[in-house]
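What's in query-v1.cif: mmCIF, C-alpha atoms
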```cif
data_start
#
loop_
_atom_site.group_PDB
_atom_site.id
_atom_site.type_symbol
_atom_site.label_atom_id
_atom_site.label_comp_id
_atom_site.auth_asym_id
_atom_site.auth_seq_id
_atom_site.Cartn_x
_atom_site.Cartn_y
_atom_site.Cartn_z
ATOM 1 C CA MET A 1 80.253 47.241 47.820
ATOM 2 C CA PHE A 2 78.245 46.589 50.994
ATOM 3 C CA ASN A 3 78.569 50.075 52.512
ATOM 4 C CA ASN A 4 75.352 49.778 54.540
ATOM 5 C CA LEU A 5 72.515 47.421 55.429
ATOM 6 C CA SER A 6 70.468 48.621 52.453
ATOM 7 C CA GLY A 7 73.365 47.833 50.106
ATOM 8 C CA LEU A 8 73.743 44.336 51.593
ATOM 9 C CA LYS A 9 70.005 43.694 51.201
ATOM 10 C CA ARG A 10 70.197 44.799 47.552
ATOM 11 C CA TYR A 11 73.020 42.344 46.807
ATOM 12 C CA LEU A 12 71.159 39.539 48.602
ATOM 13 C CA VAL A 13 68.135 40.184 46.344
ATOM 14 C CA ILE A 14 70.431 40.125 43.286
ATOM 15 C CA ALA A 15 71.957 36.819 44.433
ATOM 16 C CA ALA A 16 68.507 35.328 45.112
ATOM 17 C CA GLY A 17 67.227 36.438 41.701
ATOM 18 C CA SER A 18 70.286 34.985 39.966
ATOM 19 C CA ILE A 19 69.886 31.625 41.723
ATOM 20 C CA ILE A 20 66.131 31.522 40.976
ATOM 21 C CA PHE A 21 66.875 32.169 37.295
ATOM 22 C CA CYS A 22 69.453 29.352 37.181
ATOM 23 C CA ALA A 23 67.057 26.965 38.940
ATOM 24 C CA GLY A 24 64.268 27.686 36.453
ATOM 25 C CA LEU A 25 66.662 27.240 33.551
ATOM 26 C CA ASN A 26 68.437 24.038 34.622
ATOM 27 C CA LEU A 27 65.495 22.289 36.298
ATOM 28 C CA PHE A 28 62.670 23.049 33.849
ATOM 29 C CA ILE A 29 63.847 24.488 30.517
ATOM 30 C CA VAL A 30 67.058 22.608 29.684
ATOM 31 C CA PRO A 31 65.809 19.062 30.608
ATOM 32 C CA VAL A 32 63.108 19.220 27.898
ATOM 33 C CA ASP A 33 65.596 20.528 25.289
ATOM 34 C CA LEU A 34 64.204 24.048 25.176
ATOM 35 C CA TYR A 35 66.197 27.250 24.892
ATOM 36 C CA ASN A 36 66.102 30.421 26.902
ATOM 37 C CA GLY A 37 66.290 33.757 25.143
ATOM 38 C CA GLY A 38 69.026 36.354 25.141
ATOM 39 C CA VAL A 39 72.713 35.697 25.559
ATOM 40 C CA VAL A 40 71.964 32.671 27.763
ATOM 41 C CA GLY A 41 70.063 31.157 24.821
ATOM 42 C CA VAL A 42 73.055 31.795 22.555
ATOM 43 C CA ALA A 43 75.274 30.094 25.157
ATOM 44 C CA GLN A 44 72.880 27.100 25.251
ATOM 45 C CA ILE A 45 72.965 26.784 21.453
ATOM 46 C CA LEU A 46 76.781 26.878 21.477
ATOM 47 C CA ARG A 47 76.810 24.236 24.233
ATOM 48 C CA THR A 48 74.535 21.966 22.162
ATOM 49 C CA ILE A 49 76.813 22.372 19.139
ATOM 50 C CA MET A 50 79.863 21.550 21.292
ATOM 51 C CA VAL A 51 78.228 18.377 22.644
ATOM 52 C CA GLN A 52 76.204 17.052 19.695
ATOM 53 C CA THR A 53 78.199 18.289 16.695
ATOM 54 C CA LEU A 54 81.771 18.558 17.967
ATOM 55 C CA HIS A 55 81.292 15.665 20.457
ATOM 56 C CA LEU A 56 83.318 17.316 23.194
ATOM 57 C CA PRO A 57 83.446 15.238 26.427
ATOM 58 C CA ILE A 58 81.065 17.358 28.528
ATOM 59 C CA PRO A 59 78.930 15.502 31.143
ATOM 60 C CA SER A 60 75.232 15.596 30.219
ATOM 61 C CA ASN A 61 74.154 16.868 33.653
ATOM 62 C CA VAL A 62 76.705 19.703 33.785
ATOM 63 C CA ASP A 63 75.825 22.967 32.046
ATOM 64 C CA VAL A 64 78.848 24.845 30.675
ATOM 65 C CA SER A 65 76.475 27.482 29.311
ATOM 66 C CA GLY A 66 77.291 29.602 32.359
ATOM 67 C CA ILE A 67 80.961 29.860 31.394
ATOM 68 C CA ILE A 68 80.093 30.613 27.755
ATOM 69 C CA ASN A 69 77.547 33.182 28.949
ATOM 70 C CA PHE A 70 80.212 34.911 31.052
ATOM 71 C CA LEU A 71 82.632 35.149 28.118
ATOM 72 C CA ILE A 72 79.962 36.641 25.822
ATOM 73 C CA ASN A 73 79.069 39.133 28.560
ATOM 74 C CA VAL A 74 82.536 40.704 28.736
ATOM 75 C CA PRO A 75 81.960 43.385 26.020
ATOM 76 C CA LEU A 76 78.437 44.065 27.334
ATOM 77 C CA LEU A 77 79.805 44.546 30.846
ATOM 78 C CA TYR A 78 82.173 47.132 29.374
ATOM 79 C CA LEU A 79 79.104 48.966 28.008
ATOM 80 C CA ALA A 80 77.543 48.844 31.483
ATOM 81 C CA TYR A 81 80.706 50.307 33.007
ATOM 82 C CA ARG A 82 80.987 53.107 30.440
ATOM 83 C CA GLN A 83 77.329 54.096 30.021
ATOM 84 C CA LEU A 84 75.311 52.944 33.043
ATOM 85 C CA GLY A 85 77.529 53.853 35.980
ATOM 86 C CA ARG A 86 79.829 52.131 38.442
ATOM 87 C CA LYS A 87 77.072 50.971 40.811
ATOM 88 C CA PHE A 88 75.071 49.306 38.040
ATOM 89 C CA PHE A 89 78.274 47.715 36.698
ATOM 90 C CA CYS A 90 79.256 46.279 40.109
ATOM 91 C CA ARG A 91 75.769 44.893 40.721
ATOM 92 C CA THR A 92 75.567 43.396 37.237
ATOM 93 C CA ILE A 93 78.979 41.721 37.304
ATOM 94 C CA PHE A 94 78.034 40.281 40.717
ATOM 95 C CA SER A 95 74.847 38.865 39.184
ATOM 96 C CA VAL A 96 76.710 37.424 36.186
ATOM 97 C CA ILE A 97 79.270 35.734 38.466
ATOM 98 C CA VAL A 98 76.523 34.197 40.646
ATOM 99 C CA MET A 99 74.732 32.975 37.499
ATOM 100 C CA THR A 100 77.956 31.515 36.092
ATOM 101 C CA ILE A 101 78.529 29.554 39.305
ATOM 102 C CA PHE A 102 74.980 28.269 39.801
ATOM 103 C CA MET A 103 74.382 27.364 36.153
ATOM 104 C CA SER A 104 77.231 24.898 36.700
ATOM 105 C CA VAL A 105 76.367 23.935 40.306
ATOM 106 C CA ILE A 106 72.651 23.206 39.780
ATOM 107 C CA LEU A 107 72.741 19.862 37.979
ATOM 108 C CA ILE A 108 70.377 19.189 35.093
ATOM 109 C CA PRO A 109 68.025 16.272 35.961
ATOM 110 C CA GLU A 110 68.563 13.222 33.759
ATOM 111 C CA LYS A 111 64.783 12.734 33.812
ATOM 112 C CA PRO A 112 62.752 15.963 33.373
ATOM 113 C CA ILE A 113 60.785 17.110 36.418
ATOM 114 C CA MET A 114 57.971 17.949 33.982
ATOM 115 C CA ALA A 115 57.961 15.727 30.919
ATOM 116 C CA ASP A 116 55.221 17.785 29.258
ATOM 117 C CA ARG A 117 56.921 20.531 27.268
ATOM 118 C CA LEU A 118 54.037 22.983 27.567
ATOM 119 C CA SER A 119 53.991 22.770 31.368
ATOM 120 C CA ALA A 120 57.781 22.969 31.521
ATOM 121 C CA CYS A 121 57.968 26.078 29.338
ATOM 122 C CA LEU A 122 55.237 27.863 31.334
ATOM 123 C CA ILE A 123 56.746 27.074 34.744
ATOM 124 C CA GLY A 124 60.316 27.611 33.519
ATOM 125 C CA GLY A 125 59.404 30.943 31.903
ATOM 126 C CA MET A 126 57.680 32.138 35.075
ATOM 127 C CA ILE A 127 60.562 31.136 37.366
ATOM 128 C CA THR A 128 63.292 32.633 35.169
ATOM 129 C CA GLY A 129 61.166 35.780 34.742
ATOM 130 C CA VAL A 130 60.808 36.152 38.514
ATOM 131 C CA GLY A 131 64.576 35.750 38.897
ATOM 132 C CA VAL A 132 65.499 38.398 36.336
ATOM 133 C CA GLY A 133 62.676 40.670 37.557
ATOM 134 C CA LEU A 134 64.154 40.636 41.070
ATOM 135 C CA ILE A 135 67.614 41.398 39.683
ATOM 136 C CA LEU A 136 66.298 44.378 37.703
ATOM 137 C CA ARG A 137 64.241 45.643 40.648
ATOM 138 C CA ALA A 138 67.419 45.637 42.747
ATOM 139 C CA GLY A 139 69.034 48.024 40.253
ATOM 140 C CA ALA A 140 71.167 45.483 38.404
ATOM 141 C CA SER A 141 70.745 43.209 35.406
ATOM 142 C CA GLY A 142 71.440 39.580 34.630
ATOM 143 C CA GLY A 143 73.949 40.694 32.027
ATOM 144 C CA GLY A 144 73.619 39.918 28.359
ATOM 145 C CA ILE A 145 70.802 41.563 26.464
ATOM 146 C CA ASP A 146 69.385 43.001 29.715
ATOM 147 C CA ILE A 147 72.296 45.474 29.775
ATOM 148 C CA LEU A 148 71.400 46.697 26.303
ATOM 149 C CA GLY A 149 67.724 46.745 27.310
ATOM 150 C CA VAL A 150 68.387 48.911 30.380
ATOM 151 C CA TYR A 151 70.546 51.257 28.279
ATOM 152 C CA LEU A 152 67.820 51.687 25.635
ATOM 153 C CA THR A 153 65.126 52.058 28.326
ATOM 154 C CA LEU A 154 67.011 55.052 29.715
ATOM 155 C CA LYS A 155 67.394 56.531 26.231
ATOM 156 C CA ARG A 156 63.852 55.895 24.978
ATOM 157 C CA LYS A 157 60.783 56.574 27.115
ATOM 158 C CA ASP A 158 58.570 54.042 25.271
ATOM 159 C CA PHE A 159 61.000 51.129 25.588
ATOM 160 C CA SER A 160 61.058 48.233 28.078
ATOM 161 C CA ILE A 161 63.348 45.345 28.995
ATOM 162 C CA GLY A 162 60.646 42.886 27.920
ATOM 163 C CA LYS A 163 60.467 44.410 24.430
ATOM 164 C CA MET A 164 64.246 44.204 24.046
ATOM 165 C CA ASN A 165 64.180 40.543 25.056
ATOM 166 C CA LEU A 166 61.423 39.736 22.559
ATOM 167 C CA ILE A 167 63.301 41.385 19.670
ATOM 168 C CA PHE A 168 66.605 39.634 20.374
ATOM 169 C CA ASN A 169 64.927 36.344 21.226
ATOM 170 C CA ALA A 170 63.141 36.293 17.864
ATOM 171 C CA MET A 171 66.561 36.103 16.201
ATOM 172 C CA VAL A 172 67.737 33.400 18.622
ATOM 173 C CA TYR A 173 64.690 31.232 17.917
ATOM 174 C CA VAL A 174 65.042 31.562 14.153
ATOM 175 C CA VAL A 175 68.493 30.014 14.632
ATOM 176 C CA CYS A 176 66.903 27.299 16.827
ATOM 177 C CA ALA A 177 64.391 26.484 14.077
ATOM 178 C CA VAL A 178 67.169 26.213 11.474
ATOM 179 C CA LEU A 179 69.632 24.188 13.586
ATOM 180 C CA PHE A 180 67.185 21.946 15.441
ATOM 181 C CA ASP A 181 63.451 21.744 14.683
ATOM 182 C CA LEU A 182 60.439 24.037 14.482
ATOM 183 C CA ASN A 183 58.744 22.410 17.481
ATOM 184 C CA THR A 184 61.694 23.235 19.745
ATOM 185 C CA ALA A 185 61.747 26.817 18.476
ATOM 186 C CA LEU A 186 57.991 27.321 19.026
ATOM 187 C CA TYR A 187 58.042 26.030 22.599
ATOM 188 C CA SER A 188 61.121 28.162 23.284
ATOM 189 C CA VAL A 189 59.212 31.201 21.992
ATOM 190 C CA MET A 190 56.550 30.433 24.615
ATOM 191 C CA VAL A 191 59.254 30.403 27.294
ATOM 192 C CA SER A 192 60.398 33.810 26.081
ATOM 193 C CA GLY A 193 56.858 35.229 26.028
ATOM 194 C CA VAL A 194 56.061 34.135 29.591
ATOM 195 C CA PHE A 195 59.501 35.321 30.734
ATOM 196 C CA SER A 196 59.034 38.798 29.202
ATOM 197 C CA LEU A 197 55.546 39.259 30.687
ATOM 198 C CA VAL A 198 56.733 38.323 34.175
ATOM 199 C CA VAL A 199 59.830 40.555 33.945
ATOM 200 C CA ASP A 200 57.796 43.602 32.926
ATOM 201 C CA ARG A 201 55.377 43.071 35.845
ATOM 202 C CA ILE A 202 58.126 42.701 38.465
ATOM 203 C CA HIS A 203 60.481 45.367 37.095
ATOM 204 C CA TYR A 204 58.747 48.246 38.900
ATOM 205 C CA GLN A 205 61.181 50.851 37.547
ATOM 206 C CA ASN A 206 59.583 50.238 34.150
ATOM 207 C CA ILE A 207 56.008 50.967 35.347
ATOM 208 C CA ASN A 208 55.047 54.654 35.349
ATOM 209 C CA MET A 209 52.590 56.118 37.849
ATOM 210 C CA SER A 210 50.884 59.492 38.104
ATOM 211 C CA VAL A 211 50.262 60.725 41.636
ATOM 212 C CA MET A 212 47.835 63.436 42.759
ATOM 213 C CA ILE A 213 48.134 64.624 46.361
ATOM 214 C CA PHE A 214 45.680 66.793 48.318
ATOM 215 C CA THR A 215 47.165 68.385 51.444
ATOM 216 C CA LYS A 216 46.860 71.355 53.792
ATOM 217 C CA GLU A 217 50.666 71.664 53.958
ATOM 218 C CA THR A 218 52.058 74.265 51.551
ATOM 219 C CA ASN A 219 55.679 73.037 51.665
ATOM 220 C CA LEU A 220 55.109 69.382 50.703
ATOM 221 C CA HIS A 221 56.356 69.950 47.150
ATOM 222 C CA GLU A 222 59.769 70.911 48.571
ATOM 223 C CA LYS A 223 59.978 67.567 50.399
ATOM 224 C CA ILE A 224 59.269 65.647 47.157
ATOM 225 C CA LEU A 225 61.779 67.719 45.176
ATOM 226 C CA PHE A 226 64.471 67.243 47.838
ATOM 227 C CA GLU A 227 63.985 63.534 48.616
ATOM 228 C CA LEU A 228 62.833 62.035 45.299
ATOM 229 C CA HIS A 229 64.316 64.619 42.914
ATOM 230 C CA ARG A 230 61.117 64.504 40.874
ATOM 231 C CA GLY A 231 59.354 67.488 39.348
ATOM 232 C CA VAL A 232 56.061 68.593 40.904
ATOM 233 C CA THR A 233 53.231 70.767 39.603
ATOM 234 C CA TYR A 234 51.004 72.317 42.270
ATOM 235 C CA TRP A 235 48.086 74.712 42.636
ATOM 236 C CA ASP A 236 45.453 75.718 45.174
ATOM 237 C CA GLY A 237 41.944 74.265 45.168
ATOM 238 C CA VAL A 238 38.733 74.459 47.183
ATOM 239 C CA GLY A 239 36.733 71.510 48.533
ATOM 240 C CA ALA A 240 33.161 71.669 47.153
ATOM 241 C CA TYR A 241 31.622 70.200 50.323
ATOM 242 C CA THR A 242 33.716 71.878 53.035
ATOM 243 C CA GLY A 243 34.601 75.066 51.177
ATOM 244 C CA GLU A 244 38.120 74.752 52.631
ATOM 245 C CA TYR A 245 41.259 75.588 50.685
ATOM 246 C CA THR A 246 43.632 72.729 49.869
ATOM 247 C CA HIS A 247 47.010 72.349 48.174
ATOM 248 C CA ILE A 248 47.000 70.020 45.106
ATOM 249 C CA LEU A 249 50.206 68.407 43.788
ATOM 250 C CA VAL A 250 50.804 66.239 40.718
ATOM 251 C CA THR A 251 53.969 64.263 39.947
ATOM 252 C CA ILE A 252 55.073 61.306 37.794
ATOM 253 C CA ILE A 253 57.203 58.547 39.326
ATOM 254 C CA SER A 254 57.997 54.881 38.765
ATOM 255 C CA LYS A 255 56.168 52.199 40.749
ATOM 256 C CA TYR A 256 59.510 51.409 42.401
ATOM 257 C CA GLU A 257 59.496 54.891 44.019
ATOM 258 C CA ILE A 258 55.942 54.771 45.374
ATOM 259 C CA ASN A 259 56.816 53.661 48.929
ATOM 260 C CA HIS A 260 59.481 56.362 49.148
ATOM 261 C CA LEU A 261 56.899 58.952 48.041
ATOM 262 C CA LYS A 262 54.301 57.729 50.552
ATOM 263 C CA ARG A 263 56.817 57.994 53.397
ATOM 264 C CA ALA A 264 57.799 61.518 52.319
ATOM 265 C CA VAL A 265 54.182 62.693 52.049
ATOM 266 C CA LEU A 266 52.917 61.124 55.287
ATOM 267 C CA ASP A 267 55.961 62.403 57.165
ATOM 268 C CA VAL A 268 54.812 65.969 56.383
ATOM 269 C CA ASP A 269 51.039 65.399 56.411
ATOM 270 C CA PRO A 270 49.635 62.137 57.876
ATOM 271 C CA ASN A 271 46.159 63.193 56.684
ATOM 272 C CA ALA A 272 47.137 63.770 53.048
ATOM 273 C CA PHE A 273 44.804 62.323 50.385
ATOM 274 C CA ILE A 274 46.734 60.454 47.643
ATOM 275 C CA ILE A 275 45.441 59.194 44.271
ATOM 276 C CA LEU A 276 47.617 56.747 42.271
ATOM 277 C CA ASN A 277 47.256 55.815 38.599
ATOM 278 C CA GLU A 278 49.408 52.981 37.230
ATOM 279 C CA GLY A 279 50.636 52.023 33.770
ATOM 280 C CA LEU A 280 50.289 55.331 31.960
ATOM 281 C CA GLN A 281 52.398 56.359 28.966
ATOM 282 C CA VAL A 282 54.566 59.421 29.546
ATOM 283 C CA LEU A 283 55.764 61.677 26.729
ATOM 284 C CA GLY A 284 58.179 64.552 27.161
ATOM 285 C CA ASN A 285 61.030 65.251 29.547
ATOM 286 C CA TYR A 286 60.581 62.383 32.015
ATOM 287 C CA GLU A 287 63.648 60.677 33.490
ATOM 288 C CA LYS A 288 63.594 56.883 33.709
ATOM 289 C CA ARG A 289 65.780 55.524 36.481
ATOM 290 C CA LEU A 290 67.419 52.193 37.269
#
```

Final C-alpha cells representation of the file:
Amino acid sequence: MFNNLSGLKRYLVIAAGSIIFCAGLNLFIVPVDLYNGGVVGVAQILRTIMVQTLHLPIPSNVDVSGIINFLINVPLLYLAYRQLGRKFFCRTIFSVIVMTIFMSVILIPEKPIMADRLSACLIGGMITGVGVGLILRAGASGGGIDILGVYLTLKRKDFSIGKMNLIFNAMVYVVCAVLFDLNTALYSVMVSGVFSLVVDRIHYQNINMSVMIFTKETNLHEKILFELHRGVTYWDGVGAYTGEYTHILVTIISKYEINHLKRAVLDVDPNAFIILNEGLQVLGNYEKRL
C-alpha cells in the first residue's frame, strides 16, 4: 500500500480529508438536525429512524451513521474494485474505514457550536466539501455516491462529481421533506449546494486546461508524450518582432497535472513560454483520469 514516500503522502491526505469531512459533519451539520447528501445522508436518515421511531438505545452524542454508511458502501466498493482499478479501490476502502471510525469517535456536541442553521450549513458544507475534495484529489473517493460519480466522470466527458452529488441529493432531500419537515430539507439542500461547489473547485482532476507552449527545443513533445501520456499537436511558427523560428505545442490536461507538465517543460527548456487556460469544455477523444 505504502510502496514509496509519494504513496504514504497520498494516504495521509486521504486520512486528513476523511477526518475533516467527519469533523464538519458531526460538529456543524448533525447538531442542528441537518442532513448531509449522498450515502452518508441516507445513513443519517436511517439513524434518525432508529432513534426517534424505533427508540433504540443509542446515545445522543454517538453517531452510528458511520457503521450504517460502511454497510451501504459494500456493493459500491465492489463496483470500485471491478471498474475503477485496484489502486482506487484500496484508497477508497481506506477512506471509508477512516470515516467509519471518526464518525463514531468525534462526538456530536449536545449544544450546537453554531445555533444559527444558516451559518451551520454554510460552514458545515464548506468543511465537508474540503474534506471530500482532498480525498478525490488524492485519487480516492469517500465511498458512496462518489464512487458512482467517479465512474460516470470517466465515462462521460461533461460529467462531474458535484453534478452526481446534486442529482442523488435531490432524492435524499425529498425523503427528508416527507419524513421530517420542509425547513430541514431546504437547509440541507444548502449544505449540499455549498458542498458540491467546494468539491468541484478542489477536485483538480475535474478541471480541464488547455496549454500552449512556445519553445526552441524540437523534442519537447516527446517528453510530454513519454511522461504525461497526453497527446500533443505541434507546428513551427515565427516571432513577428524577432523573426526567429519557434516550436509551438498545444495539449489538453487536467489542472491536477499542471505541475507535472511545468516540470517536464522546464526540464527541457527553462526559457519556454507557457500559456494556460482553465475551465474549458472538451469534446472528442479526451481521457479523464483519477

For Val64 (chain A), work out the shell of residues within 8 Å, counting only C-alpha atoms and skipping chain neighbours fewer than 2 positions away, then give it as a PyMOL selection string.
chain A and resi 47+62+66-68+103-104

Selected by the PyMOL selection byres ((chain A and resi 34) around 8) in the shown coordinates: which residues, as a PDB file with C-alpha atoms, in the coordinates of the input?
```pdb
ATOM      1  CA  ILE A  29      63.847  24.488  30.517  1.00  0.00           C
ATOM      2  CA  VAL A  30      67.058  22.608  29.684  1.00  0.00           C
ATOM      3  CA  PRO A  31      65.809  19.062  30.608  1.00  0.00           C
ATOM      4  CA  VAL A  32      63.108  19.220  27.898  1.00  0.00           C
ATOM      5  CA  ASP A  33      65.596  20.528  25.289  1.00  0.00           C
ATOM      6  CA  TYR A  35      66.197  27.250  24.892  1.00  0.00           C
ATOM      7  CA  ASN A  36      66.102  30.421  26.902  1.00  0.00           C
ATOM      8  CA  CYS A 121      57.968  26.078  29.338  1.00  0.00           C
ATOM      9  CA  THR A 184      61.694  23.235  19.745  1.00  0.00           C
ATOM     10  CA  ALA A 185      61.747  26.817  18.476  1.00  0.00           C
ATOM     11  CA  TYR A 187      58.042  26.030  22.599  1.00  0.00           C
ATOM     12  CA  SER A 188      61.121  28.162  23.284  1.00  0.00           C
TER      13      SER A 188
END
```

Picked residues, the PyMOL selection byres ((chain A and resi 171-179) around 12), as a PyMOL selection string:
chain A and resi 33-46+48-49+52-53+145+164-170+180-193

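Coordinates place CA of Leu25 (chain A) at a distance of 24.9 Å from CA of Tyr151 (chain A).
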
Any chance you could resolve the PyMOL selection byres ((chain A and resi 95) around 8) against this file and give the residues as a list in words?
Ile14, Ala15, Ser18, Arg91, Thr92, Ile93, Phe94, Val96, Ile97, Val98, Met99, Ile135, Ala140, Ser141, Gly142 and Gly143 of chain A
